[in-house]
file final.csv (CSV, C-alpha atoms)
chain,number,residue,atom,x,y,z
A,73,MET,CA,-12.6,-5.8,-13.1
A,74,ASN,CA,-14.6,-7.8,-10.6
A,75,GLY,CA,-11.6,-10.0,-9.9
A,76,ILE,CA,-10.3,-12.1,-7.0
A,77,HIS,CA,-8.0,-9.3,-6.0
A,78,ASP,CA,-11.0,-7.3,-4.8
A,79,MET,CA,-11.2,-9.0,-1.4
A,80,GLY,CA,-12.8,-6.5,0.9
A,81,GLY,CA,-15.7,-8.1,2.8
A,82,MET,CA,-15.1,-11.6,1.5
A,83,GLN,CA,-15.5,-14.3,4.1
A,84,GLY,CA,-14.0,-17.7,4.6
A,85,PHE,CA,-10.3,-17.0,4.3
A,86,GLY,CA,-9.7,-17.8,8.0
A,87,PRO,CA,-7.8,-16.0,10.7
A,88,VAL,CA,-4.9,-13.6,10.1
A,89,LYS,CA,-1.7,-15.3,11.0
A,90,PRO,CA,1.0,-12.9,12.0
A,91,GLU,CA,4.5,-14.3,12.0
A,92,ALA,CA,6.8,-13.5,15.0
A,93,ASN,CA,10.0,-11.8,14.0
A,94,GLU,CA,9.2,-12.0,10.3
A,95,PRO,CA,12.3,-11.4,8.1
A,96,VAL,CA,12.1,-8.8,5.3
A,97,PHE,CA,12.5,-11.6,2.8
A,98,HIS,CA,11.8,-15.3,3.5
A,99,ASP,CA,14.2,-16.3,0.7
A,100,ALA,CA,16.9,-14.5,-1.2
A,101,TRP,CA,15.0,-14.9,-4.5
A,102,GLU,CA,12.2,-12.7,-3.1
A,103,GLY,CA,14.6,-9.8,-2.6
A,104,ARG,CA,15.8,-10.3,-6.2
A,105,VAL,CA,12.3,-10.2,-7.5
A,106,LEU,CA,11.5,-7.0,-5.6
A,107,ALA,CA,14.7,-5.5,-6.9
A,108,LEU,CA,14.1,-6.6,-10.5
A,109,ASN,CA,10.6,-5.0,-10.4
A,110,ARG,CA,12.0,-1.8,-9.0
A,111,ALA,CA,14.9,-1.6,-11.4
A,112,ILE,CA,12.7,-2.3,-14.5
A,113,GLY,CA,10.1,0.0,-13.1
A,114,HIS,CA,12.7,2.8,-13.4
A,115,ALA,CA,12.5,2.4,-17.2
A,116,ARG,CA,8.9,3.6,-17.1
A,117,LEU,CA,7.8,1.0,-19.6
A,118,TRP,CA,4.5,0.7,-17.8
A,119,ASN,CA,2.9,2.5,-14.9
A,120,ILE,CA,1.9,1.3,-11.5
A,121,ASP,CA,-1.8,0.7,-12.5
A,122,MET,CA,-0.8,-1.3,-15.5
A,123,SER,CA,1.3,-3.5,-13.2
A,124,ARG,CA,-1.5,-3.8,-10.7
A,125,ALA,CA,-3.9,-4.8,-13.6
A,126,ALA,CA,-1.4,-7.4,-14.8
A,127,ILE,CA,-1.7,-9.2,-11.4
A,128,GLU,CA,-5.5,-8.7,-11.2
A,129,LYS,CA,-6.0,-10.6,-14.4
A,130,MET,CA,-4.2,-13.7,-13.2
A,131,PRO,CA,-6.7,-16.6,-13.0
A,132,PRO,CA,-8.3,-16.6,-9.5
A,133,ASP,CA,-7.0,-20.0,-8.6
A,134,LEU,CA,-3.4,-19.0,-9.4
A,135,TYR,CA,-3.8,-15.7,-7.7
A,136,LEU,CA,-4.7,-17.4,-4.5
A,137,ALA,CA,-2.1,-20.2,-4.8
A,138,ARG,CA,0.9,-18.1,-5.7
A,139,SER,CA,2.9,-16.3,-3.0
A,140,TYR,CA,3.2,-12.5,-3.2
A,141,TYR,CA,6.6,-12.4,-4.8
A,142,ALA,CA,5.8,-15.3,-7.1
A,143,LYS,CA,3.0,-13.1,-8.5
A,144,TRP,CA,5.5,-10.3,-8.9
A,145,LEU,CA,7.9,-12.6,-10.8
A,146,LEU,CA,5.3,-13.9,-13.1
A,147,ARG,CA,3.8,-10.5,-13.7
A,148,LEU,CA,7.3,-9.1,-14.6
A,149,GLU,CA,7.9,-12.0,-17.0
A,150,ASP,CA,4.5,-11.5,-18.6
A,151,LEU,CA,4.9,-7.7,-19.1
A,152,LEU,CA,8.5,-8.0,-20.4
A,153,ILE,CA,7.4,-10.6,-23.0
A,154,GLU,CA,4.2,-8.7,-23.9
A,155,ARG,CA,6.3,-5.6,-24.5
A,156,GLY,CA,8.8,-7.5,-26.6
A,157,LEU,CA,11.7,-6.8,-24.3
A,158,ILE,CA,12.6,-10.5,-23.9
A,159,ASP,CA,11.1,-13.6,-25.4
A,160,ALA,CA,10.0,-16.9,-23.9
A,161,ASP,CA,12.9,-18.8,-25.4
A,162,GLU,CA,15.3,-16.5,-23.6
A,163,LEU,CA,13.5,-17.1,-20.3
A,164,ALA,CA,13.5,-20.8,-20.8
A,165,SER,CA,17.2,-21.0,-21.7
A,166,GLY,CA,18.2,-18.4,-19.1
A,167,HIS,CA,20.3,-16.4,-21.6
A,168,ALA,CA,19.8,-13.5,-23.9
A,169,ARG,CA,19.7,-14.4,-27.6
A,170,ALA,CA,19.8,-10.9,-28.9
A,171,PRO,CA,20.9,-7.5,-27.6
A,172,GLY,CA,18.3,-5.5,-25.6
A,173,LYS,CA,16.4,-2.5,-26.7
A,174,PRO,CA,17.5,0.9,-25.4
A,175,LEU,CA,15.8,1.8,-22.1
A,176,ARG,CA,16.3,3.9,-19.1
A,177,LYS,CA,18.5,1.7,-17.0
A,178,LEU,CA,18.8,2.1,-13.3
A,179,ALA,CA,22.5,2.7,-12.4
A,180,ALA,CA,23.7,1.7,-9.0
A,181,ALA,CA,24.6,5.3,-8.2
A,182,ASP,CA,20.9,6.3,-8.7
A,183,VAL,CA,19.3,3.6,-6.5
A,184,ALA,CA,19.0,5.8,-3.4
A,185,THR,CA,16.9,8.5,-5.2
A,186,ALA,CA,15.1,6.0,-7.4
A,187,LEU,CA,13.5,4.4,-4.3
A,188,THR,CA,11.5,7.5,-3.6
A,189,ARG,CA,7.9,7.1,-4.7
A,190,GLY,CA,6.8,9.4,-7.5
A,191,SER,CA,4.1,12.0,-7.1
A,192,TYR,CA,0.6,11.3,-8.5
A,193,GLY,CA,-0.7,14.8,-7.9
A,194,ARG,CA,-1.5,16.8,-11.1
A,195,GLU,CA,-2.8,20.2,-11.9
A,196,PRO,CA,-6.6,20.2,-11.9
A,197,GLY,CA,-8.5,21.0,-15.1
A,198,ALA,CA,-11.6,22.0,-13.2
A,199,PRO,CA,-12.6,22.8,-9.6
A,200,ALA,CA,-13.5,19.9,-7.3
A,201,ARG,CA,-17.1,19.0,-7.6
A,202,PHE,CA,-17.6,18.0,-4.0
A,203,LYS,CA,-16.9,19.6,-0.6
A,204,VAL,CA,-15.8,18.3,2.7
A,205,GLY,CA,-18.9,17.2,4.7
A,206,GLU,CA,-21.0,16.6,1.6
A,207,ARG,CA,-23.0,13.3,1.3
A,208,VAL,CA,-22.4,11.5,-2.0
A,209,ARG,CA,-23.1,8.1,-3.4
A,210,THR,CA,-20.6,5.9,-5.1
A,211,ARG,CA,-21.5,4.6,-8.5
A,212,ASN,CA,-22.8,1.1,-9.2
A,213,MET,CA,-20.1,0.4,-11.8
A,214,HIS,CA,-18.5,-2.8,-13.0
A,215,PRO,CA,-15.8,-2.0,-15.5
A,216,ALA,CA,-14.1,-5.1,-17.0
A,217,THR,CA,-10.8,-3.2,-16.8
A,218,HIS,CA,-8.8,-1.9,-13.8
A,219,THR,CA,-10.6,0.3,-11.3
A,220,ARG,CA,-9.8,1.3,-7.7
A,221,LEU,CA,-13.4,1.4,-6.5
A,222,PRO,CA,-13.8,-1.8,-4.5
A,223,ARG,CA,-17.0,-3.8,-4.9
A,224,TYR,CA,-18.0,-3.5,-1.3
A,225,ALA,CA,-18.1,0.3,-1.6
A,226,ARG,CA,-20.2,0.6,-4.8
A,227,GLY,CA,-23.6,2.1,-4.7
A,228,ARG,CA,-23.1,3.3,-1.1
A,229,LEU,CA,-23.7,6.6,0.6
A,230,GLY,CA,-20.8,8.2,2.2
A,231,THR,CA,-19.4,11.5,3.5
A,232,ILE,CA,-16.6,13.4,1.9
A,233,GLU,CA,-14.0,13.7,4.7
A,234,CYS,CA,-11.0,15.2,2.8
A,235,VAL,CA,-10.1,16.5,-0.6
A,236,ARG,CA,-6.7,15.1,-1.5
A,237,GLY,CA,-6.1,17.1,-4.6
A,238,CYS,CA,-6.1,16.1,-8.3
A,239,HIS,CA,-4.4,12.8,-9.1
A,240,VAL,CA,-3.6,10.5,-12.0
A,241,TYR,CA,-6.8,8.4,-12.7
A,242,PRO,CA,-6.1,4.7,-12.4
A,243,ASP,CA,-9.0,3.6,-14.6
A,244,THR,CA,-7.6,5.3,-17.7
A,245,VAL,CA,-3.9,5.2,-17.1
A,246,ALA,CA,-4.1,1.4,-16.6
A,247,ILE,CA,-5.4,0.9,-20.1
A,248,GLY,CA,-3.2,3.4,-21.9
A,249,GLU,CA,-5.8,6.1,-22.1
A,250,GLY,CA,-3.8,8.7,-20.4
A,251,GLU,CA,-3.4,10.2,-16.9
A,252,ASN,CA,-6.8,12.0,-17.1
A,253,PRO,CA,-6.3,13.7,-13.7
A,254,GLN,CA,-9.3,13.5,-11.4
A,255,TRP,CA,-10.1,14.9,-8.0
A,256,LEU,CA,-9.4,12.4,-5.2
A,257,TYR,CA,-11.4,12.3,-2.0
A,258,THR,CA,-11.4,10.4,1.3
A,259,LEU,CA,-14.9,9.1,1.5
A,260,ARG,CA,-16.1,7.8,4.8
A,261,PHE,CA,-18.9,5.2,5.3
A,262,ALA,CA,-20.7,4.1,8.4
A,263,GLY,CA,-20.1,0.3,8.9
A,264,ARG,CA,-23.9,-0.3,8.7
A,265,GLU,CA,-24.1,1.4,5.3
A,266,LEU,CA,-21.6,-1.2,4.0
A,267,TRP,CA,-22.5,-4.3,5.9
A,268,GLY,CA,-26.1,-3.9,7.1
A,269,GLU,CA,-27.8,-3.6,10.4
A,270,SER,CA,-25.8,-6.3,12.2
A,271,ALA,CA,-22.6,-4.4,11.6
A,272,ASP,CA,-20.6,-2.9,14.5
A,273,PRO,CA,-22.2,0.5,15.2
A,274,ASN,CA,-18.8,1.9,16.1
A,275,LEU,CA,-17.1,1.0,12.7
A,276,THR,CA,-16.3,3.5,10.0
A,277,VAL,CA,-14.5,2.6,6.8
A,278,SER,CA,-13.0,5.0,4.3
A,279,ILE,CA,-11.8,4.6,0.8
A,280,GLU,CA,-9.9,7.0,-1.4
A,281,ALA,CA,-12.4,7.8,-4.2
A,282,PHE,CA,-11.8,9.4,-7.5
A,283,GLU,CA,-14.4,11.9,-8.6
A,284,PRO,CA,-15.8,9.8,-11.5
A,285,TYR,CA,-16.6,7.1,-8.9
A,286,LEU,CA,-19.1,9.5,-7.2
A,287,GLU,CA,-22.5,11.0,-7.9
A,288,ALA,CA,-24.3,13.8,-6.2
A,289,ILE,CA,-27.4,12.9,-4.2
B,132,MET,CA,11.6,-20.5,-7.9
B,133,GLN,CA,15.1,-19.5,-7.2
B,134,LEU,CA,16.3,-20.9,-10.5
B,135,ARG,CA,13.6,-19.1,-12.4
B,136,VAL,CA,14.5,-15.8,-10.8
B,137,ARG,CA,18.1,-16.3,-11.6
B,138,ALA,CA,17.3,-17.1,-15.2
B,139,LEU,CA,15.3,-13.9,-15.5
B,140,GLU,CA,18.0,-11.8,-13.8
B,141,THR,CA,20.6,-13.3,-16.1
B,142,VAL,CA,18.6,-12.5,-19.2
B,143,LEU,CA,17.9,-9.0,-18.1
B,144,THR,CA,21.5,-8.4,-17.2
B,145,GLU,CA,22.8,-9.8,-20.5
B,146,LYS,CA,20.3,-7.7,-22.4
B,147,GLY,CA,21.6,-4.6,-20.6
B,148,TYR,CA,18.3,-3.8,-18.8
B,149,VAL,CA,19.5,-4.2,-15.3
B,150,ASP,CA,22.7,-3.8,-13.3
B,151,PRO,CA,23.1,-6.5,-10.7
B,152,ALA,CA,25.0,-4.0,-8.5
B,153,ALA,CA,21.9,-1.8,-8.5
B,154,LEU,CA,19.8,-4.8,-7.5
B,155,ASP,CA,22.1,-5.6,-4.6
B,156,LEU,CA,21.7,-2.0,-3.4
B,157,ILE,CA,17.9,-2.2,-3.6
B,158,VAL,CA,17.8,-5.4,-1.5
B,159,GLU,CA,20.2,-4.0,1.0
B,160,ALA,CA,18.1,-0.8,1.3
B,161,TYR,CA,15.0,-2.7,2.2
B,162,GLU,CA,16.8,-5.1,4.5
B,163,THR,CA,18.6,-2.3,6.5
B,164,ARG,CA,17.7,1.3,5.9
B,165,ILE,CA,14.0,1.4,4.9
B,166,GLY,CA,12.0,-0.1,7.7
B,167,PRO,CA,9.7,0.6,10.6
B,168,HIS,CA,12.5,2.2,12.6
B,169,ASN,CA,11.9,5.2,10.5
B,170,GLY,CA,8.2,5.4,11.3
B,171,ALA,CA,9.1,4.8,15.0
B,172,ARG,CA,11.3,7.8,15.0
B,173,ALA,CA,8.5,10.0,13.6
B,174,VAL,CA,6.0,8.7,16.2
B,175,ALA,CA,8.4,9.2,19.1
B,176,LYS,CA,9.1,12.8,18.0
B,177,ALA,CA,5.4,13.5,17.7
B,178,TRP,CA,5.0,12.3,21.2
B,179,VAL,CA,7.5,14.7,22.7
B,180,ASP,CA,7.2,17.7,20.3
B,181,PRO,CA,3.7,19.2,19.9
B,182,ALA,CA,4.8,21.3,16.9
B,183,PHE,CA,6.1,18.2,15.1
B,184,ARG,CA,2.9,16.3,16.0
B,185,ARG,CA,0.8,19.1,14.4
B,186,ALA,CA,3.1,19.1,11.3
B,187,LEU,CA,2.9,15.3,11.0
B,188,LEU,CA,-0.9,15.3,11.1
B,189,ALA,CA,-1.1,18.3,8.7
B,190,ASP,CA,1.4,17.0,6.1
B,191,ALA,CA,3.1,13.8,6.9
B,192,THR,CA,5.2,13.8,3.7
B,193,ALA,CA,6.8,17.1,4.7
B,194,ALA,CA,7.1,16.3,8.4
B,195,VAL,CA,8.7,12.9,8.0
B,196,GLY,CA,10.8,14.3,5.2
B,197,SER,CA,12.3,16.8,7.6
B,198,LEU,CA,13.7,14.0,9.7
B,199,GLY,CA,16.3,13.3,6.9
B,200,PHE,CA,16.0,9.5,6.5
B,201,ALA,CA,18.2,7.8,4.0
B,202,SER,CA,15.3,7.4,1.6
B,203,ARG,CA,13.3,10.5,0.8
B,204,VAL,CA,9.6,10.3,1.6
B,205,GLY,CA,7.3,10.2,-1.4
B,206,ASP,CA,4.2,12.3,-1.8
B,207,HIS,CA,0.8,11.6,-0.3
B,208,LEU,CA,1.8,10.3,3.1
B,209,VAL,CA,-0.9,10.8,5.7
B,210,ALA,CA,-0.7,10.2,9.5
B,211,VAL,CA,-3.9,9.4,11.4
B,212,GLU,CA,-4.0,9.8,15.1
B,213,ASN,CA,-5.4,7.3,17.7
B,214,THR,CA,-7.3,8.7,20.7
B,215,LEU,CA,-9.2,7.2,23.6
B,216,GLN,CA,-12.3,7.3,21.4
B,217,LEU,CA,-10.8,6.4,18.1
B,218,HIS,CA,-8.6,3.5,16.8
B,219,ASN,CA,-7.3,3.6,13.3
B,220,MET,CA,-6.4,0.6,11.1
B,221,ILE,CA,-4.8,0.6,7.7
B,222,VAL,CA,-5.5,-1.9,4.9
B,223,CYS,CA,-5.3,-2.2,1.2
B,224,THR,CA,-8.2,-4.5,0.1
B,225,LEU,CA,-7.3,-4.4,-3.6
B,226,CYS,CA,-3.5,-5.1,-3.5
B,227,SER,CA,-0.9,-4.3,-0.9
B,228,CYS,CA,-0.5,-0.5,-0.7
B,229,TYR,CA,1.6,0.4,2.3
B,230,PRO,CA,3.7,3.3,3.5
B,231,TRP,CA,7.1,1.8,2.5
B,232,GLU,CA,9.2,4.8,3.3
B,233,VAL,CA,8.2,4.8,7.0
B,234,LEU,CA,7.4,1.2,7.6
B,235,GLY,CA,9.5,-0.7,5.0
B,236,LEU,CA,8.0,-3.6,3.1
B,237,PRO,CA,4.7,-5.0,4.3
B,238,PRO,CA,4.6,-8.2,6.4
B,239,THR,CA,3.1,-11.2,4.7
B,240,TRP,CA,-0.1,-11.1,6.8
B,241,TYR,CA,-0.8,-7.5,5.6
B,242,LYS,CA,-0.8,-8.8,2.0
B,243,SER,CA,-2.8,-12.0,2.8
B,244,ALA,CA,-6.4,-12.8,1.9
B,245,PRO,CA,-7.5,-13.1,5.5
B,246,TYR,CA,-6.4,-9.6,6.4
B,247,ARG,CA,-7.4,-7.9,3.2
B,248,SER,CA,-10.9,-9.5,3.2
B,249,ARG,CA,-11.7,-9.1,6.9
B,250,ALA,CA,-10.2,-5.8,7.9
B,251,VAL,CA,-13.1,-3.8,6.5
B,252,ILE,CA,-16.0,-6.0,7.6
B,253,ASP,CA,-14.7,-7.4,10.9
B,254,PRO,CA,-11.8,-5.3,12.2
B,255,ARG,CA,-12.4,-6.3,15.8
B,256,GLY,CA,-12.1,-10.0,14.7
B,257,VAL,CA,-8.8,-9.1,13.0
B,258,LEU,CA,-7.6,-7.3,16.1
B,259,ALA,CA,-8.5,-10.4,18.1
B,260,ASP,CA,-6.2,-12.4,15.9
B,261,PHE,CA,-3.4,-10.1,17.0
B,262,GLY,CA,-4.5,-10.5,20.7
B,263,LEU,CA,-5.9,-7.0,20.9
B,264,LYS,CA,-9.3,-6.2,22.4
B,265,LEU,CA,-10.5,-2.7,22.4
B,266,PRO,CA,-13.5,-1.3,24.3
B,267,GLU,CA,-16.7,-1.7,22.3
B,268,ALA,CA,-17.3,2.0,22.6
B,269,THR,CA,-14.1,2.8,20.8
B,270,GLU,CA,-14.7,3.7,17.3
B,271,ILE,CA,-12.7,1.7,14.8
B,272,ARG,CA,-11.8,3.5,11.7
B,273,VAL,CA,-10.5,1.5,8.8
B,274,TRP,CA,-8.6,3.3,6.0
B,275,ASP,CA,-8.7,1.4,2.8
B,276,SER,CA,-5.7,2.5,0.7
B,277,THR,CA,-7.4,2.5,-2.7
B,278,ALA,CA,-5.4,5.3,-4.3
B,279,GLU,CA,-1.8,6.6,-3.9
B,280,THR,CA,-2.5,8.1,-0.5
B,281,ARG,CA,-0.4,6.2,2.1
B,282,PHE,CA,-1.4,6.0,5.7
B,283,MET,CA,0.4,5.5,8.9
B,284,VAL,CA,-1.1,5.4,12.4
B,285,LEU,CA,0.1,7.8,15.1
B,286,PRO,CA,-0.6,5.6,18.2
B,287,MET,CA,-1.2,7.0,21.7
B,288,ARG,CA,1.8,7.5,23.9
B,289,PRO,CA,2.0,4.8,26.5
B,290,ALA,CA,1.4,5.8,30.1
B,291,GLY,CA,4.3,6.0,32.5
B,292,THR,CA,6.8,7.4,29.9
B,293,HIS,CA,6.9,10.9,31.2
B,294,GLY,CA,10.4,12.4,30.7
B,295,TRP,CA,11.6,9.6,28.4
B,296,SER,CA,13.8,10.5,25.5
B,297,GLU,CA,12.8,10.2,21.9
B,298,GLU,CA,15.1,7.3,21.5
B,299,GLN,CA,13.7,5.5,24.5
B,300,LEU,CA,10.2,6.1,23.2
B,301,ALA,CA,11.0,4.9,19.7
B,302,GLY,CA,11.9,1.6,21.2
B,303,LEU,CA,8.2,1.2,22.2
B,304,VAL,CA,6.9,1.8,18.8
B,305,THR,CA,6.2,-1.4,16.9
B,306,ARG,CA,5.4,-1.8,13.3
B,307,ASN,CA,2.0,-3.2,14.0
B,308,CYS,CA,1.0,-0.2,16.2
B,309,MET,CA,1.7,2.0,13.1
B,310,ILE,CA,-0.6,-0.1,11.0
B,311,GLY,CA,-3.3,-0.2,13.7
B,312,THR,CA,-3.1,-4.0,14.5
B,313,GLY,CA,-1.3,-3.4,17.7
B,314,LEU,CA,-0.5,-0.9,20.4
B,315,PRO,CA,2.9,0.4,21.4
B,316,LYS,CA,4.8,-1.6,24.0
B,317,GLY,CA,4.2,-0.5,27.6
B,318,ALA,CA,6.6,1.4,29.7
B,319,ASP,CA,7.5,-1.7,31.6
B,320,ALA,CA,8.7,-3.4,28.3
B,321,VAL,CA,12.0,-1.5,28.6
B,322,SER,CA,13.9,-1.2,31.8
call {"tool": "encode", "arguments": {"input": "final.csv", "output": "structure tokens"}}
result
Amino acid sequence: MNGIHDMGGMQGFGPVKPEANEPVFHDAWEGRVLALNRAIGHARLWNIDMSRAAIEKMPPDLYLARSYYAKWLLRLEDLLIERGLIDADELASGHARAPGKPLRKLAAADVATALTRGSYGREPGAPARFKVGERVRTRNMHPATHTRLPRYARGRLGTIECVRGCHVYPDTVAIGEGENPQWLYTLRFAGRELWGESADPNLTVSIEAFEPYLEAI
Amino acid sequence: MQLRVRALETVLTEKGYVDPAALDLIVEAYETRIGPHNGARAVAKAWVDPAFRRALLADATAAVGSLGFASRVGDHLVAVENTLQLHNMIVCTLCSCYPWEVLGLPPTWYKSAPYRSRAVIDPRGVLADFGLKLPEATEIRVWDSTAETRFMVLPMRPAGTHGWSEEQLAGLVTRNCMIGTGLPKGADAVS
């Protein structure tokens, strides 16, 4: 969706403000939110693209106003309620009113291995359509659902730099339509292709582009 | 916010969905074991060991995995190398994708609107915010992490570090130099 999360190339947000000696968490609750997300993630009730989509559909003003871990908290609450794992009264009272449903619970003994990221590579159903060095154009597409083709890189000419293998396709897995594995490419653009003639001549930008985002020229 | 998080944790614990001891271990892992010191070790090794450097650039998941960190390295990790002609920078314009296994959790600025919006259109301006000015002739390459591929930058080894041990070199490798918003510390930073 053309949401506020798709920020590449937007202007007016001001300078980047690095924080000296930034702590891993600014408050203890942030760590708990991260841990709750990871622990519940272990149950595989939803996939990573569903969880990204849940943040992307937050109203833009709230998306910008909420801190990172506040978004993670609200997303987790929303998904748990949506899936019927808890209800709003339980959240409000801070106590369970009924026993939980069975799910794959993360045991303390399994934390070390559970923190390893999963693999998104899948067996290809067909050979890759594009080769390294080939010029391709990204589609001018505007799905109202989750996609990983950023707006700034739509309808642009680029060069295939690397074929990364066949991966789970975010656009379908996010809406419950299956992993639908697709070839994934690193696609490189000249800065001027993206930003026009006044762009830095020594800038190149790449995205990781799934094959359905691309068309032959 | 703290009360709200506690309420959620209590509900989830009472319903049998989470084990608070597991949550403690996750927080502890990211506060202590999973951080940029891991990436720094990989970079320092690549600086002293040409075979490891080649392996890292060919398959960073396997190469970093061979270092035996506490947390195993997930798939799809890619290392990109800076040279005199080329400076790499990593961003995720759509969310906050970041190579957790080698760099830990991303800093707040990496997840912020200013960085995510400007990194792809005005990377030199972003570098200026970090006090870094590169020659105009240096190509800046920005990697937008739009899929599950995760990138880390292999920065150039600082001058004047000939004969240094891996451990000494790792002390020069900052988190930001592995994202591309900084350079390693100079040899004179450590005496």
call {"tool": "closest_residue", "arguments": {"input": "final.csv", "among": "A:Ala198, A:Val204, A:Leu134, A:Leu157", "to": "chain B", "atoms": "all atoms listed in the file"}}
result
A:Leu157
call {"tool": "atom_distance", "arguments": {"input": "final.csv", "atom1": "CA of Pro237 (chain B)", "atom2": "CA of Leu187 (chain A)"}}
result
15.5 Å
call {"tool": "closest_atom_pairs", "arguments": {"input": "final.csv", "of": "region 86-185 of chain A", "to": "region 300-310 of chain B", "cutoff": "12 Å", "atoms": "all atoms listed in the file", "output": "tab-separated table"}}
result
residue	atom	partner	partner_atom	distance
A:Pro90	CA	B:Asn307	CA	10.0
A:Glu91	CA	B:Asn307	CA	11.6
A:Ala92	CA	B:Asn307	CA	11.4
A:Asn93	CA	B:Arg306	CA	11.0
A:Glu94	CA	B:Arg306	CA	11.3
call {"tool": "residues_around", "arguments": {"input": "final.csv", "residues": "Ala173 (chain B)", "least_positions_apart": "2", "cutoff": "12 Å", "atoms": "only C-alpha atoms", "output": "number ranges by chain"}}
result
B: 167-171, 175-180, 183-188, 191-200, 210, 232-234, 283-286, 297-298, 300-302, 304, 309
call {"tool": "write_last_selection", "arguments": {"input": "final.csv", "atoms": "C-alpha atoms", "output": "compact mmCIF listing (two decimals), in the coordinates of the input"}}
result
# COMPACT_ATOMS: atom_id res chain seq x y z
CA PRO B 167 9.70 0.60 10.60
CA HIS B 168 12.50 2.20 12.60
CA ASN B 169 11.90 5.20 10.50
CA GLY B 170 8.20 5.40 11.30
CA ALA B 171 9.10 4.80 15.00
CA ALA B 175 8.40 9.20 19.10
CA LYS B 176 9.10 12.80 18.00
CA ALA B 177 5.40 13.50 17.70
CA TRP B 178 5.00 12.30 21.20
CA VAL B 179 7.50 14.70 22.70
CA ASP B 180 7.20 17.70 20.30
CA PHE B 183 6.10 18.20 15.10
CA ARG B 184 2.90 16.30 16.00
CA ARG B 185 0.80 19.10 14.40
CA ALA B 186 3.10 19.10 11.30
CA LEU B 187 2.90 15.30 11.00
CA LEU B 188 -0.90 15.30 11.10
CA ALA B 191 3.10 13.80 6.90
CA THR B 192 5.20 13.80 3.70
CA ALA B 193 6.80 17.10 4.70
CA ALA B 194 7.10 16.30 8.40
CA VAL B 195 8.70 12.90 8.00
CA GLY B 196 10.80 14.30 5.20
CA SER B 197 12.30 16.80 7.60
CA LEU B 198 13.70 14.00 9.70
CA GLY B 199 16.30 13.30 6.90
CA PHE B 200 16.00 9.50 6.50
CA ALA B 210 -0.70 10.20 9.50
CA GLU B 232 9.20 4.80 3.30
CA VAL B 233 8.20 4.80 7.00
CA LEU B 234 7.40 1.20 7.60
CA MET B 283 0.40 5.50 8.90
CA VAL B 284 -1.10 5.40 12.40
CA LEU B 285 0.10 7.80 15.10
CA PRO B 286 -0.60 5.60 18.20
CA GLU B 297 12.80 10.20 21.90
CA GLU B 298 15.10 7.30 21.50
CA LEU B 300 10.20 6.10 23.20
CA ALA B 301 11.00 4.90 19.70
CA GLY B 302 11.90 1.60 21.20
CA VAL B 304 6.90 1.80 18.80
CA MET B 309 1.70 2.00 13.10
call {"tool": "interface_residues", "arguments": {"input": "final.csv", "of": "chain B", "to": "chain A", "cutoff": "6 Å", "atoms": "only C-alpha atoms", "output": "number ranges by chain"}}
result
B: 133, 138, 142, 145-146, 148, 152-154, 157-158, 203, 205-206, 224-225, 240, 245-246, 248-249, 252, 270-275, 277-278
call {"tool": "atom_distance", "arguments": {"input": "final.csv", "atom1": "CA of Ala320 (chain B)", "atom2": "CA of Arg172 (chain B)"}}
result
17.6 Å
call {"tool": "atom_distance", "arguments": {"input": "final.csv", "atom1": "CA of Asn213 (chain B)", "atom2": "CA of Phe282 (chain B)"}}
result
12.7 Å
call {"tool": "residues_around", "arguments": {"input": "final.csv", "residues": "Ala189 (chain B)", "least_positions_apart": "6", "cutoff": "12 Å", "atoms": "all atoms listed in the file", "output": "VMD selection string"}}
result
(chain A and resid 234) or (chain B and resid 182 to 183 195 207 to 212)
call {"tool": "closest_residue", "arguments": {"input": "final.csv", "among": "B:Thr280, B:Pro315, B:Leu156, B:His218", "to": "Val235 (chain A)", "atoms": "all atoms listed in the file"}}
result
B:Thr280
call {"tool": "residues_around", "arguments": {"input": "final.csv", "residues": "Ser227 (chain B)", "least_positions_apart": "6", "cutoff": "9 Å", "atoms": "all atoms listed in the file", "output": "list in words"}}
result
Pro237, Tyr241, Lys242, Ser243, Arg247 and Ser276 of chain B
call {"tool": "closest_residue", "arguments": {"input": "final.csv", "among": "B:Pro254, B:Gly147, B:Gly313, B:Gly166", "to": "Tyr229 (chain B)", "atoms": "only C-alpha atoms"}}
result
B:Gly166
